[in-house]
$ cat final.csv   # CSV, N, CA and C atoms
chain,number,residue,atom,x,y,z
A,12,MET,N,-0.9,-67.0,160.6
A,12,MET,CA,-2.1,-67.7,161.1
A,12,MET,C,-3.3,-67.1,160.4
A,13,PHE,N,-3.3,-65.8,160.2
A,13,PHE,CA,-4.5,-65.2,159.5
A,13,PHE,C,-4.8,-65.9,158.2
A,14,ASP,N,-3.7,-66.1,157.4
A,14,ASP,CA,-3.9,-66.8,156.1
A,14,ASP,C,-4.4,-68.2,156.3
A,15,LEU,N,-3.9,-68.9,157.3
A,15,LEU,CA,-4.3,-70.3,157.5
A,15,LEU,C,-5.8,-70.4,157.8
A,16,VAL,N,-6.3,-69.5,158.6
A,16,VAL,CA,-7.7,-69.5,159.0
A,16,VAL,C,-8.6,-68.9,157.8
A,17,ALA,N,-8.0,-68.0,157.1
A,17,ALA,CA,-8.8,-67.4,155.9
A,17,ALA,C,-8.9,-68.4,154.8
A,18,ASP,N,-8.1,-69.4,154.7
A,18,ASP,CA,-8.1,-70.4,153.6
A,18,ASP,C,-9.3,-71.4,153.8
A,19,VAL,N,-10.5,-70.9,153.8
A,19,VAL,CA,-11.6,-71.7,154.2
A,19,VAL,C,-11.8,-73.0,153.3
A,20,GLU,N,-11.4,-72.9,152.0
A,20,GLU,CA,-11.6,-74.1,151.1
A,20,GLU,C,-10.8,-75.3,151.6
A,21,LYS,N,-9.8,-75.1,152.5
A,21,LYS,CA,-9.0,-76.2,153.0
A,21,LYS,C,-9.6,-76.9,154.3
A,22,TYR,N,-10.7,-76.3,154.8
A,22,TYR,CA,-11.2,-76.8,156.1
A,22,TYR,C,-11.6,-78.2,156.0
A,23,PRO,N,-12.2,-78.7,154.9
A,23,PRO,CA,-12.6,-80.2,154.9
A,23,PRO,C,-11.4,-81.1,155.1
A,24,GLU,N,-10.2,-80.6,154.8
A,24,GLU,CA,-8.9,-81.4,155.0
A,24,GLU,C,-8.6,-81.6,156.5
A,25,PHE,N,-9.0,-80.7,157.4
A,25,PHE,CA,-8.5,-80.8,158.7
A,25,PHE,C,-9.5,-80.4,159.8
A,26,VAL,N,-10.6,-79.8,159.5
A,26,VAL,CA,-11.5,-79.4,160.6
A,26,VAL,C,-12.4,-80.5,160.9
A,27,PRO,N,-12.5,-80.9,162.2
A,27,PRO,CA,-13.4,-82.0,162.6
A,27,PRO,C,-14.9,-81.6,162.2
A,28,LEU,N,-15.6,-82.7,161.7
A,28,LEU,CA,-17.0,-82.6,161.4
A,28,LEU,C,-17.2,-81.8,160.1
A,29,CYS,N,-16.2,-81.2,159.5
A,29,CYS,CA,-16.5,-80.4,158.2
A,29,CYS,C,-16.4,-81.4,157.1
A,30,ALA,N,-17.6,-81.8,156.5
A,30,ALA,CA,-17.6,-82.7,155.4
A,30,ALA,C,-17.3,-82.0,154.1
A,31,SER,N,-17.7,-80.7,154.0
A,31,SER,CA,-17.5,-80.0,152.7
A,31,SER,C,-17.6,-78.5,153.0
A,32,LEU,N,-17.0,-77.7,152.1
A,32,LEU,CA,-17.2,-76.3,152.2
A,32,LEU,C,-17.1,-75.7,150.8
A,33,ARG,N,-18.1,-74.9,150.4
A,33,ARG,CA,-18.1,-74.4,149.1
A,33,ARG,C,-18.3,-72.9,149.2
A,34,VAL,N,-17.4,-72.1,148.6
A,34,VAL,CA,-17.5,-70.7,148.5
A,34,VAL,C,-18.5,-70.3,147.4
A,35,LYS,N,-19.5,-69.6,147.7
A,35,LYS,CA,-20.6,-69.3,146.7
A,35,LYS,C,-20.3,-67.9,146.1
A,36,SER,N,-19.6,-67.0,146.8
A,36,SER,CA,-19.3,-65.7,146.2
A,36,SER,C,-18.2,-65.1,147.0
A,37,ARG,N,-17.5,-64.1,146.2
A,37,ARG,CA,-16.4,-63.4,146.8
A,37,ARG,C,-16.6,-61.9,146.4
A,38,SER,N,-16.4,-61.0,147.3
A,38,SER,CA,-16.4,-59.6,147.0
A,38,SER,C,-15.5,-58.8,147.8
A,39,LYS,N,-15.4,-57.5,147.6
A,39,LYS,CA,-14.6,-56.6,148.3
A,39,LYS,C,-15.5,-55.6,149.0
A,40,ALA,N,-15.1,-55.2,150.3
A,40,ALA,CA,-15.8,-54.1,151.0
A,40,ALA,C,-14.6,-53.3,151.5
A,41,GLY,N,-14.2,-52.3,150.7
A,41,GLY,CA,-13.0,-51.6,151.1
A,41,GLY,C,-11.8,-52.5,151.1
A,42,PRO,N,-11.0,-52.5,152.2
A,42,PRO,CA,-9.9,-53.3,152.3
A,42,PRO,C,-10.2,-54.8,152.7
A,43,ARG,N,-11.5,-55.1,153.0
A,43,ARG,CA,-11.9,-56.4,153.4
A,43,ARG,C,-12.4,-57.3,152.2
A,44,ASP,N,-12.0,-58.5,152.4
A,44,ASP,CA,-12.6,-59.5,151.4
A,44,ASP,C,-13.8,-60.2,152.1
A,45,VAL,N,-14.9,-60.3,151.4
A,45,VAL,CA,-16.1,-60.9,151.9
A,45,VAL,C,-16.5,-62.2,151.1
A,46,LEU,N,-16.6,-63.3,151.8
A,46,LEU,CA,-17.0,-64.5,151.2
A,46,LEU,C,-18.4,-64.9,151.7
A,47,VAL,N,-19.1,-65.6,150.9
A,47,VAL,CA,-20.3,-66.3,151.3
A,47,VAL,C,-20.1,-67.7,151.0
A,48,ALA,N,-20.2,-68.6,152.1
A,48,ALA,CA,-19.9,-70.0,151.9
A,48,ALA,C,-20.9,-70.9,152.6
A,49,ASP,N,-21.0,-72.1,152.0
A,49,ASP,CA,-21.8,-73.2,152.6
A,49,ASP,C,-20.9,-74.2,153.2
A,50,MET,N,-21.1,-74.5,154.4
A,50,MET,CA,-20.3,-75.5,155.1
A,50,MET,C,-21.3,-76.6,155.5
A,51,THR,N,-20.9,-77.8,155.2
A,51,THR,CA,-21.7,-79.0,155.6
A,51,THR,C,-20.9,-79.7,156.7
A,52,VAL,N,-21.6,-79.9,157.9
A,52,VAL,CA,-21.0,-80.6,159.0
A,52,VAL,C,-21.7,-82.0,159.1
A,53,ALA,N,-21.0,-83.0,159.4
A,53,ALA,CA,-21.6,-84.3,159.5
A,53,ALA,C,-21.1,-85.1,160.7
A,54,TYR,N,-22.0,-85.8,161.3
A,54,TYR,CA,-21.6,-86.6,162.5
A,54,TYR,C,-22.6,-87.8,162.5
A,55,LYS,N,-22.1,-88.9,162.3
A,55,LYS,CA,-22.9,-90.2,162.2
A,55,LYS,C,-24.0,-90.0,161.2
A,56,LEU,N,-25.2,-90.0,161.6
A,56,LEU,CA,-26.3,-89.9,160.6
A,56,LEU,C,-26.8,-88.5,160.4
A,57,ILE,N,-26.2,-87.6,161.2
A,57,ILE,CA,-26.6,-86.2,161.1
A,57,ILE,C,-25.8,-85.4,160.1
A,58,ARG,N,-26.4,-84.7,159.2
A,58,ARG,CA,-25.7,-83.9,158.2
A,58,ARG,C,-26.5,-82.6,158.0
A,59,GLU,N,-25.8,-81.5,158.3
A,59,GLU,CA,-26.4,-80.2,158.2
A,59,GLU,C,-25.5,-79.2,157.4
A,60,THR,N,-26.2,-78.4,156.6
A,60,THR,CA,-25.4,-77.4,155.8
A,60,THR,C,-25.9,-76.0,156.3
A,61,PHE,N,-25.0,-75.1,156.5
A,61,PHE,CA,-25.3,-73.8,156.8
A,61,PHE,C,-24.5,-72.8,156.0
A,62,THR,N,-25.1,-71.6,155.8
A,62,THR,CA,-24.4,-70.6,155.0
A,62,THR,C,-24.0,-69.4,155.9
A,63,SER,N,-22.8,-69.0,155.7
A,63,SER,CA,-22.2,-67.9,156.5
A,63,SER,C,-21.5,-66.8,155.6
A,64,ARG,N,-21.5,-65.6,156.1
A,64,ARG,CA,-20.7,-64.6,155.4
A,64,ARG,C,-19.4,-64.5,156.2
A,65,VAL,N,-18.3,-64.5,155.6
A,65,VAL,CA,-17.0,-64.5,156.2
A,65,VAL,C,-16.3,-63.2,155.7
A,66,THR,N,-16.0,-62.3,156.7
A,66,THR,CA,-15.3,-61.1,156.4
A,66,THR,C,-13.9,-61.2,156.8
A,67,LEU,N,-13.0,-61.1,155.9
A,67,LEU,CA,-11.6,-61.2,156.1
A,67,LEU,C,-11.0,-59.8,156.2
A,68,ASP,N,-10.7,-59.3,157.4
A,68,ASP,CA,-10.2,-57.9,157.6
A,68,ASP,C,-8.7,-58.0,157.9
A,69,ARG,N,-7.9,-58.1,156.8
A,69,ARG,CA,-6.4,-58.2,157.0
A,69,ARG,C,-5.8,-57.0,157.8
A,70,PRO,N,-6.2,-55.8,157.5
A,70,PRO,CA,-5.6,-54.6,158.2
A,70,PRO,C,-5.8,-54.7,159.7
A,71,SER,N,-6.9,-55.2,160.2
A,71,SER,CA,-7.1,-55.3,161.6
A,71,SER,C,-6.9,-56.7,162.2
A,72,LEU,N,-6.4,-57.6,161.3
A,72,LEU,CA,-6.1,-59.0,161.6
A,72,LEU,C,-7.3,-59.7,162.3
A,73,THR,N,-8.5,-59.5,161.7
A,73,THR,CA,-9.7,-60.0,162.3
A,73,THR,C,-10.5,-60.8,161.2
A,74,ILE,N,-11.1,-61.9,161.6
A,74,ILE,CA,-12.0,-62.6,160.7
A,74,ILE,C,-13.3,-62.7,161.4
A,75,LEU,N,-14.4,-62.3,160.8
A,75,LEU,CA,-15.8,-62.3,161.3
A,75,LEU,C,-16.6,-63.3,160.5
A,76,VAL,N,-17.2,-64.3,161.2
A,76,VAL,CA,-18.1,-65.2,160.5
A,76,VAL,C,-19.5,-65.0,161.0
A,77,GLU,N,-20.5,-64.6,160.1
A,77,GLU,CA,-21.8,-64.3,160.4
A,77,GLU,C,-22.8,-65.3,159.8
A,78,TYR,N,-23.6,-65.9,160.5
A,78,TYR,CA,-24.6,-66.9,160.1
A,78,TYR,C,-25.6,-66.3,159.2
A,79,LEU,N,-25.9,-66.9,158.1
A,79,LEU,CA,-27.0,-66.4,157.2
A,79,LEU,C,-28.2,-67.4,157.1
A,80,ASN,N,-27.9,-68.7,157.0
A,80,ASN,CA,-29.0,-69.7,156.8
A,80,ASN,C,-28.6,-71.1,157.3
A,81,GLY,N,-29.6,-71.8,157.8
A,81,GLY,CA,-29.3,-73.2,158.2
A,81,GLY,C,-30.0,-73.6,159.5
A,82,PRO,N,-29.4,-74.5,160.3
A,82,PRO,CA,-30.1,-75.0,161.5
A,82,PRO,C,-30.0,-74.2,162.7
A,83,PHE,N,-29.3,-73.0,162.6
A,83,PHE,CA,-29.1,-72.2,163.8
A,83,PHE,C,-30.1,-71.1,163.9
A,84,ARG,N,-30.4,-70.6,165.1
A,84,ARG,CA,-31.2,-69.4,165.2
A,84,ARG,C,-30.3,-68.2,165.0
A,85,ARG,N,-29.1,-68.4,165.6
A,85,ARG,CA,-28.0,-67.4,165.4
A,85,ARG,C,-26.7,-68.1,165.6
A,86,MET,N,-25.7,-67.5,164.9
A,86,MET,CA,-24.3,-68.0,165.1
A,86,MET,C,-23.4,-66.9,164.6
A,87,GLU,N,-22.4,-66.6,165.4
A,87,GLU,CA,-21.3,-65.7,165.0
A,87,GLU,C,-20.0,-66.1,165.6
A,88,ASN,N,-19.0,-66.1,164.9
A,88,ASN,CA,-17.7,-66.3,165.5
A,88,ASN,C,-16.7,-65.3,165.0
A,89,ARG,N,-15.7,-65.0,165.8
A,89,ARG,CA,-14.7,-64.0,165.5
A,89,ARG,C,-13.3,-64.5,165.8
A,90,TRP,N,-12.4,-64.3,164.9
A,90,TRP,CA,-11.0,-64.6,165.1
A,90,TRP,C,-10.2,-63.3,165.2
A,91,GLN,N,-9.4,-63.2,166.2
A,91,GLN,CA,-8.5,-62.0,166.3
A,91,GLN,C,-7.1,-62.5,166.4
A,92,PHE,N,-6.1,-61.9,165.7
A,92,PHE,CA,-4.7,-62.4,165.7
A,92,PHE,C,-3.9,-61.2,166.2
A,93,ARG,N,-3.0,-61.6,167.1
A,93,ARG,CA,-2.1,-60.6,167.7
A,93,ARG,C,-0.7,-61.1,167.5
A,94,PRO,N,0.1,-60.4,166.7
A,94,PRO,CA,1.5,-60.8,166.5
A,94,PRO,C,2.3,-60.8,167.9
A,95,MET,N,3.0,-61.8,168.1
A,95,MET,CA,3.8,-61.9,169.4
A,95,MET,C,5.3,-62.1,169.1
A,96,GLY,N,5.8,-61.5,168.1
A,96,GLY,CA,7.2,-61.6,167.8
A,96,GLY,C,7.3,-62.5,166.5
A,97,GLU,N,8.5,-62.7,166.1
A,97,GLU,CA,8.8,-63.4,164.9
A,97,GLU,C,8.3,-64.9,165.0
A,98,GLY,N,7.4,-65.2,164.0
A,98,GLY,CA,6.9,-66.6,163.9
A,98,GLY,C,5.9,-67.0,165.0
A,99,ALA,N,5.4,-66.0,165.7
A,99,ALA,CA,4.4,-66.4,166.8
A,99,ALA,C,3.2,-65.4,166.8
A,100,SER,N,2.1,-65.9,167.1
A,100,SER,CA,0.9,-65.0,167.3
A,100,SER,C,0.0,-65.5,168.3
A,101,GLU,N,-0.8,-64.7,169.0
A,101,GLU,CA,-1.8,-65.1,169.9
A,101,GLU,C,-3.1,-65.1,169.0
A,102,VAL,N,-3.9,-66.1,169.2
A,102,VAL,CA,-5.1,-66.2,168.4
A,102,VAL,C,-6.3,-66.3,169.4
A,103,ILE,N,-7.2,-65.4,169.3
A,103,ILE,CA,-8.4,-65.3,170.1
A,103,ILE,C,-9.6,-65.7,169.2
A,104,PHE,N,-10.3,-66.8,169.7
A,104,PHE,CA,-11.5,-67.3,169.0
A,104,PHE,C,-12.7,-67.2,169.9
A,105,MET,N,-13.7,-66.6,169.4
A,105,MET,CA,-15.0,-66.5,170.2
A,105,MET,C,-16.1,-67.0,169.3
A,106,ILE,N,-17.0,-67.7,169.9
A,106,ILE,CA,-18.2,-68.2,169.1
A,106,ILE,C,-19.4,-68.1,170.0
A,107,ASP,N,-20.6,-67.7,169.4
A,107,ASP,CA,-21.8,-67.6,170.1
A,107,ASP,C,-22.9,-68.2,169.1
A,108,TYR,N,-23.6,-69.2,169.6
A,108,TYR,CA,-24.6,-69.9,168.7
A,108,TYR,C,-25.8,-70.4,169.5
A,109,GLU,N,-26.9,-70.6,168.8
A,109,GLU,CA,-28.1,-71.2,169.4
A,109,GLU,C,-28.8,-71.9,168.2
A,110,PHE,N,-29.1,-73.2,168.4
A,110,PHE,CA,-29.8,-73.9,167.4
A,110,PHE,C,-31.3,-73.5,167.3
A,111,ARG,N,-31.8,-73.5,166.1
A,111,ARG,CA,-33.2,-73.1,165.8
A,111,ARG,C,-34.1,-74.1,166.5
A,112,SER,N,-33.9,-75.4,166.4
A,112,SER,CA,-34.7,-76.4,167.0
A,112,SER,C,-34.2,-76.8,168.4
A,113,ARG,N,-35.1,-76.8,169.3
A,113,ARG,CA,-34.7,-77.2,170.7
A,113,ARG,C,-34.2,-78.7,170.7
A,114,MET,N,-34.9,-79.5,169.9
A,114,MET,CA,-34.5,-80.9,169.8
A,114,MET,C,-33.1,-81.1,169.2
A,115,LEU,N,-32.9,-80.4,168.1
A,115,LEU,CA,-31.5,-80.4,167.5
A,115,LEU,C,-30.5,-79.9,168.4
A,116,GLY,N,-30.8,-78.9,169.2
A,116,GLY,CA,-29.9,-78.3,170.2
A,116,GLY,C,-29.6,-79.4,171.3
A,117,MET,N,-30.6,-80.1,171.7
A,117,MET,CA,-30.4,-81.2,172.7
A,117,MET,C,-29.6,-82.3,172.1
A,118,LEU,N,-29.8,-82.6,170.9
A,118,LEU,CA,-29.1,-83.7,170.2
A,118,LEU,C,-27.7,-83.4,169.9
A,119,MET,N,-27.5,-82.2,169.4
A,119,MET,CA,-26.1,-81.8,168.9
A,119,MET,C,-25.4,-80.9,169.8
A,120,GLY,N,-26.0,-80.3,170.8
A,120,GLY,CA,-25.4,-79.2,171.6
A,120,GLY,C,-24.1,-79.7,172.3
A,121,ALA,N,-24.1,-80.8,173.0
A,121,ALA,CA,-22.9,-81.3,173.7
A,121,ALA,C,-21.9,-81.7,172.7
A,122,MET,N,-22.3,-82.3,171.6
A,122,MET,CA,-21.3,-82.7,170.5
A,122,MET,C,-20.7,-81.5,169.9
A,123,PHE,N,-21.4,-80.4,169.7
A,123,PHE,CA,-20.8,-79.2,169.1
A,123,PHE,C,-19.8,-78.5,170.1
A,124,ASP,N,-20.2,-78.5,171.4
A,124,ASP,CA,-19.2,-78.0,172.4
A,124,ASP,C,-17.9,-78.7,172.3
A,125,THR,N,-18.0,-80.1,172.3
A,125,THR,CA,-16.8,-80.9,172.1
A,125,THR,C,-16.1,-80.6,170.8
A,126,ALA,N,-16.9,-80.5,169.7
A,126,ALA,CA,-16.3,-80.3,168.4
A,126,ALA,C,-15.5,-78.9,168.3
A,127,PHE,N,-16.1,-77.9,169.0
A,127,PHE,CA,-15.4,-76.6,169.0
A,127,PHE,C,-14.0,-76.7,169.7
A,128,ARG,N,-13.9,-77.5,170.7
A,128,ARG,CA,-12.6,-77.7,171.4
A,128,ARG,C,-11.7,-78.4,170.4
A,129,ARG,N,-12.2,-79.4,169.8
A,129,ARG,CA,-11.4,-80.2,168.8
A,129,ARG,C,-11.0,-79.3,167.6
A,130,PHE,N,-11.9,-78.4,167.2
A,130,PHE,CA,-11.7,-77.4,166.2
A,130,PHE,C,-10.5,-76.6,166.4
A,131,ALA,N,-10.4,-76.0,167.6
A,131,ALA,CA,-9.2,-75.2,168.0
A,131,ALA,C,-7.9,-76.0,167.9
A,132,ALA,N,-8.0,-77.3,168.4
A,132,ALA,CA,-6.8,-78.1,168.4
A,132,ALA,C,-6.4,-78.5,166.9
A,133,ALA,N,-7.4,-78.6,166.1
A,133,ALA,CA,-7.1,-78.9,164.7
A,133,ALA,C,-6.4,-77.7,164.0
A,134,PHE,N,-6.8,-76.5,164.3
A,134,PHE,CA,-6.1,-75.4,163.7
A,134,PHE,C,-4.6,-75.3,164.3
A,135,GLU,N,-4.4,-75.6,165.5
A,135,GLU,CA,-3.1,-75.6,166.1
A,135,GLU,C,-2.2,-76.6,165.4
A,136,ALA,N,-2.8,-77.8,165.2
A,136,ALA,CA,-2.0,-78.9,164.5
A,136,ALA,C,-1.8,-78.5,163.1
A,137,ARG,N,-2.7,-77.9,162.4
A,137,ARG,CA,-2.5,-77.5,161.0
A,137,ARG,C,-1.4,-76.4,160.9
A,138,ALA,N,-1.4,-75.5,161.9
A,138,ALA,CA,-0.4,-74.5,161.9
A,138,ALA,C,1.0,-75.1,162.1
A,139,ASP,N,1.1,-76.1,163.0
A,139,ASP,CA,2.4,-76.8,163.2
A,139,ASP,C,2.8,-77.5,161.9
A,140,ARG,N,1.9,-78.1,161.1
A,140,ARG,CA,2.2,-78.7,159.8
A,140,ARG,C,2.6,-77.7,158.8
A,141,VAL,N,1.9,-76.6,158.7
A,141,VAL,CA,2.1,-75.6,157.6
A,141,VAL,C,3.4,-74.8,157.9
A,142,TYR,N,3.5,-74.3,159.2
A,142,TYR,CA,4.5,-73.4,159.5
A,142,TYR,C,5.7,-74.0,160.3
A,143,GLY,N,5.5,-75.2,160.7
A,143,GLY,CA,6.6,-75.9,161.5
A,143,GLY,C,6.6,-75.5,162.9
A,144,ARG,N,6.9,-76.3,163.8
A,144,ARG,CA,6.9,-76.1,165.2
A,144,ARG,C,8.3,-75.5,165.6
A,145,ASN,N,8.3,-74.5,166.5
A,145,ASN,CA,9.5,-73.9,166.9
A,145,ASN,C,10.1,-74.5,168.1
A,146,SER,N,9.6,-75.6,168.6
A,146,SER,CA,10.1,-76.2,169.8
A,146,SER,C,10.9,-77.4,169.5
$ encode --input "final.csv" --output "structure tokens"
Amino acid sequence: MFDLVADVEKYPEFVPLCASLRVKSRSKAGPRDVLVADMTVAYKLIRETFTSRVTLDRPSLTILVEYLNGPFRRMENRWQFRPMGEGASEVIFMIDYEFRSRMLGMLMGAMFDTAFRRFAAAFEARADRVYGRNS
């Protein structure tokens, strides 16, 4: 699952509202890989691009996404993966965000809350396609 989430270039193929994603840079910070990426989200006539730093920490099975630039005042999300036996893992996803503009927050806030729920379901469906379902 770590690899599936870390493969950010594939997000436009299955993540709701993700119109495009472009990795601008890649570097190493010890055992961690660090990406800086632009993600464009689109919904009807609204289209916003934001830049984030993505730290892929394979040894601790954690992915940290830190907001750098765009329509938010702040945004951070964290993925933690806990192996649960052969072919299974528990995935913990946390996100904290606030829009820069009160108007944009009012316009997109409820839609983003719904989108994040769909986002989690999209990753589960992607995992089923990539790794196969054990049921």
$ residues_around --input "final.csv" --residues "A:Pro82" --least-positions-apart "6" --cutoff "6.5 Å" --atoms "all atoms listed in the file" --output "PyMOL selection string"
chain A and resi 60-61+109-112
$ write_last_selection --input "final.csv" --atoms "N, CA and C atoms" --output "compact mmCIF listing (two decimals), in the coordinates of the input"
# COMPACT_ATOMS: atom_id res chain seq x y z
N THR A 60 -26.20 -78.40 156.60
CA THR A 60 -25.40 -77.40 155.80
C THR A 60 -25.90 -76.00 156.30
N PHE A 61 -25.00 -75.10 156.50
CA PHE A 61 -25.30 -73.80 156.80
C PHE A 61 -24.50 -72.80 156.00
N GLU A 109 -26.90 -70.60 168.80
CA GLU A 109 -28.10 -71.20 169.40
C GLU A 109 -28.80 -71.90 168.20
N PHE A 110 -29.10 -73.20 168.40
CA PHE A 110 -29.80 -73.90 167.40
C PHE A 110 -31.30 -73.50 167.30
N ARG A 111 -31.80 -73.50 166.10
CA ARG A 111 -33.20 -73.10 165.80
C ARG A 111 -34.10 -74.10 166.50
N SER A 112 -33.90 -75.40 166.40
CA SER A 112 -34.70 -76.40 167.00
C SER A 112 -34.20 -76.80 168.40
$ residues_around --input "final.csv" --residues "A:Ile74" --least-positions-apart "3" --cutoff "6 Å" --atoms "all atoms listed in the file" --output "PDB file with N, CA and C atoms, in the coordinates of the input"
ATOM      1  N   THR A  66     -16.000 -62.300 156.700  1.00  0.00           N
ATOM      2  CA  THR A  66     -15.300 -61.100 156.400  1.00  0.00           C
ATOM      3  C   THR A  66     -13.900 -61.200 156.800  1.00  0.00           C
ATOM      4  N   LEU A  67     -13.000 -61.100 155.900  1.00  0.00           N
ATOM      5  CA  LEU A  67     -11.600 -61.200 156.100  1.00  0.00           C
ATOM      6  C   LEU A  67     -11.000 -59.800 156.200  1.00  0.00           C
ATOM      7  N   ASP A  68     -10.700 -59.300 157.400  1.00  0.00           N
ATOM      8  CA  ASP A  68     -10.200 -57.900 157.600  1.00  0.00           C
ATOM      9  C   ASP A  68      -8.700 -58.000 157.900  1.00  0.00           C
ATOM     10  N   ASN A  88     -19.000 -66.100 164.900  1.00  0.00           N
ATOM     11  CA  ASN A  88     -17.700 -66.300 165.500  1.00  0.00           C
ATOM     12  C   ASN A  88     -16.700 -65.300 165.000  1.00  0.00           C
ATOM     13  N   ARG A  89     -15.700 -65.000 165.800  1.00  0.00           N
ATOM     14  CA  ARG A  89     -14.700 -64.000 165.500  1.00  0.00           C
ATOM     15  C   ARG A  89     -13.300 -64.500 165.800  1.00  0.00           C
ATOM     16  N   TRP A  90     -12.400 -64.300 164.900  1.00  0.00           N
ATOM     17  CA  TRP A  90     -11.000 -64.600 165.100  1.00  0.00           C
ATOM     18  C   TRP A  90     -10.200 -63.300 165.200  1.00  0.00           C
ATOM     19  N   GLN A  91      -9.400 -63.200 166.200  1.00  0.00           N
ATOM     20  CA  GLN A  91      -8.500 -62.000 166.300  1.00  0.00           C
ATOM     21  C   GLN A  91      -7.100 -62.500 166.400  1.00  0.00           C
TER      22      GLN A  91
END
$ residues_around --input "final.csv" --residues "A:Ala133" --least-positions-apart "5" --cutoff "7 Å" --atoms "all atoms listed in the file" --output "MDAnalysis selection string"
chainID A and resid 25:27 128 138
$ write_last_selection --input "final.csv" --atoms "N, CA and C atoms" --output "PDB file, keeping the file's coordinate frame"
ATOM      1  N   PHE A  25      -9.000 -80.700 157.400  1.00  0.00           N
ATOM      2  CA  PHE A  25      -8.500 -80.800 158.700  1.00  0.00           C
ATOM      3  C   PHE A  25      -9.500 -80.400 159.800  1.00  0.00           C
ATOM      4  N   VAL A  26     -10.600 -79.800 159.500  1.00  0.00           N
ATOM      5  CA  VAL A  26     -11.500 -79.400 160.600  1.00  0.00           C
ATOM      6  C   VAL A  26     -12.400 -80.500 160.900  1.00  0.00           C
ATOM      7  N   PRO A  27     -12.500 -80.900 162.200  1.00  0.00           N
ATOM      8  CA  PRO A  27     -13.400 -82.000 162.600  1.00  0.00           C
ATOM      9  C   PRO A  27     -14.900 -81.600 162.200  1.00  0.00           C
ATOM     10  N   ARG A 128     -13.900 -77.500 170.700  1.00  0.00           N
ATOM     11  CA  ARG A 128     -12.600 -77.700 171.400  1.00  0.00           C
ATOM     12  C   ARG A 128     -11.700 -78.400 170.400  1.00  0.00           C
ATOM     13  N   ALA A 138      -1.400 -75.500 161.900  1.00  0.00           N
ATOM     14  CA  ALA A 138      -0.400 -74.500 161.900  1.00  0.00           C
ATOM     15  C   ALA A 138       1.000 -75.100 162.100  1.00  0.00           C
TER      16      ALA A 138
END
$ residues_around --input "final.csv" --residues "stretch 45-58 of chain A" --least-positions-apart "6" --cutoff "5 Å" --atoms "all atoms listed in the file" --output "list in words"
Leu28, Cys29, Ala30, Ser31, Leu32, Arg33, Val34, Lys35, Ser36, Arg37, Ser38, Lys39, Arg64, Val65, Thr66 and Leu67 of chain A
$ atom_distance --input "final.csv" --atom1 "atom CA of A:Arg137" --atom2 "atom C of A:Glu24"
8.6 Å
$ atom_distance --input "final.csv" --atom1 "atom C of A:Arg113" --atom2 "atom CA of A:Ser63"
21.5 Å
$ atom_distance --input "final.csv" --atom1 "atom C of A:Leu15" --atom2 "atom C of A:Arg140"
11.2 Å
$ select_by_dssp --input "final.csv" --residues "chain A" --states "strand (DSSP E or B)" --output "number ranges by chain"
A: 29-40, 43-54, 57-68, 73-80, 83-94, 100-110
$ decode --input "final.csv" --residues "stretch 95-132 of chain A" --atoms "C-alpha atoms" --output "tab-separated table (two decimals), in the first residue's frame"
chain	number	residue	atom	x	y	z
A	95	MET	CA	-1.46	-6.63	9.45
A	96	GLY	CA	-0.16	-9.96	8.19
A	97	GLU	CA	0.48	-11.27	4.73
A	98	GLY	CA	-1.21	-9.18	2.05
A	99	ALA	CA	-2.94	-6.82	4.48
A	100	SER	CA	-2.25	-3.50	6.12
A	101	GLU	CA	-4.03	-0.87	8.15
A	102	VAL	CA	-3.88	2.58	6.58
A	103	ILE	CA	-4.33	5.67	8.71
A	104	PHE	CA	-4.97	8.91	6.82
A	105	MET	CA	-5.17	12.30	8.52
A	106	ILE	CA	-5.70	15.68	6.89
A	107	ASP	CA	-5.87	19.22	8.24
A	108	TYR	CA	-6.59	22.16	5.97
A	109	GLU	CA	-7.95	25.68	5.85
A	110	PHE	CA	-8.68	27.70	2.72
A	111	ARG	CA	-6.93	31.07	2.34
A	112	SER	CA	-10.12	32.76	1.17
A	113	ARG	CA	-13.27	32.60	3.30
A	114	MET	CA	-15.36	32.70	0.11
A	115	LEU	CA	-13.45	29.82	-1.49
A	116	GLY	CA	-13.78	27.91	1.78
A	117	MET	CA	-17.55	28.42	1.77
A	118	LEU	CA	-17.79	27.49	-1.90
A	119	MET	CA	-15.51	24.45	-1.81
A	120	GLY	CA	-15.45	23.38	1.84
A	121	ALA	CA	-18.37	20.93	1.78
A	122	MET	CA	-17.28	19.64	-1.63
A	123	PHE	CA	-13.75	18.99	-0.30
A	124	ASP	CA	-15.09	17.11	2.73
A	125	THR	CA	-17.08	14.86	0.39
A	126	ALA	CA	-14.09	14.58	-1.96
A	127	PHE	CA	-11.80	13.38	0.84
A	128	ARG	CA	-14.24	10.58	1.67
A	129	ARG	CA	-14.32	9.64	-2.03
A	130	PHE	CA	-10.52	9.97	-2.07
A	131	ALA	CA	-10.18	7.21	0.57
A	132	ALA	CA	-12.60	4.96	-1.32
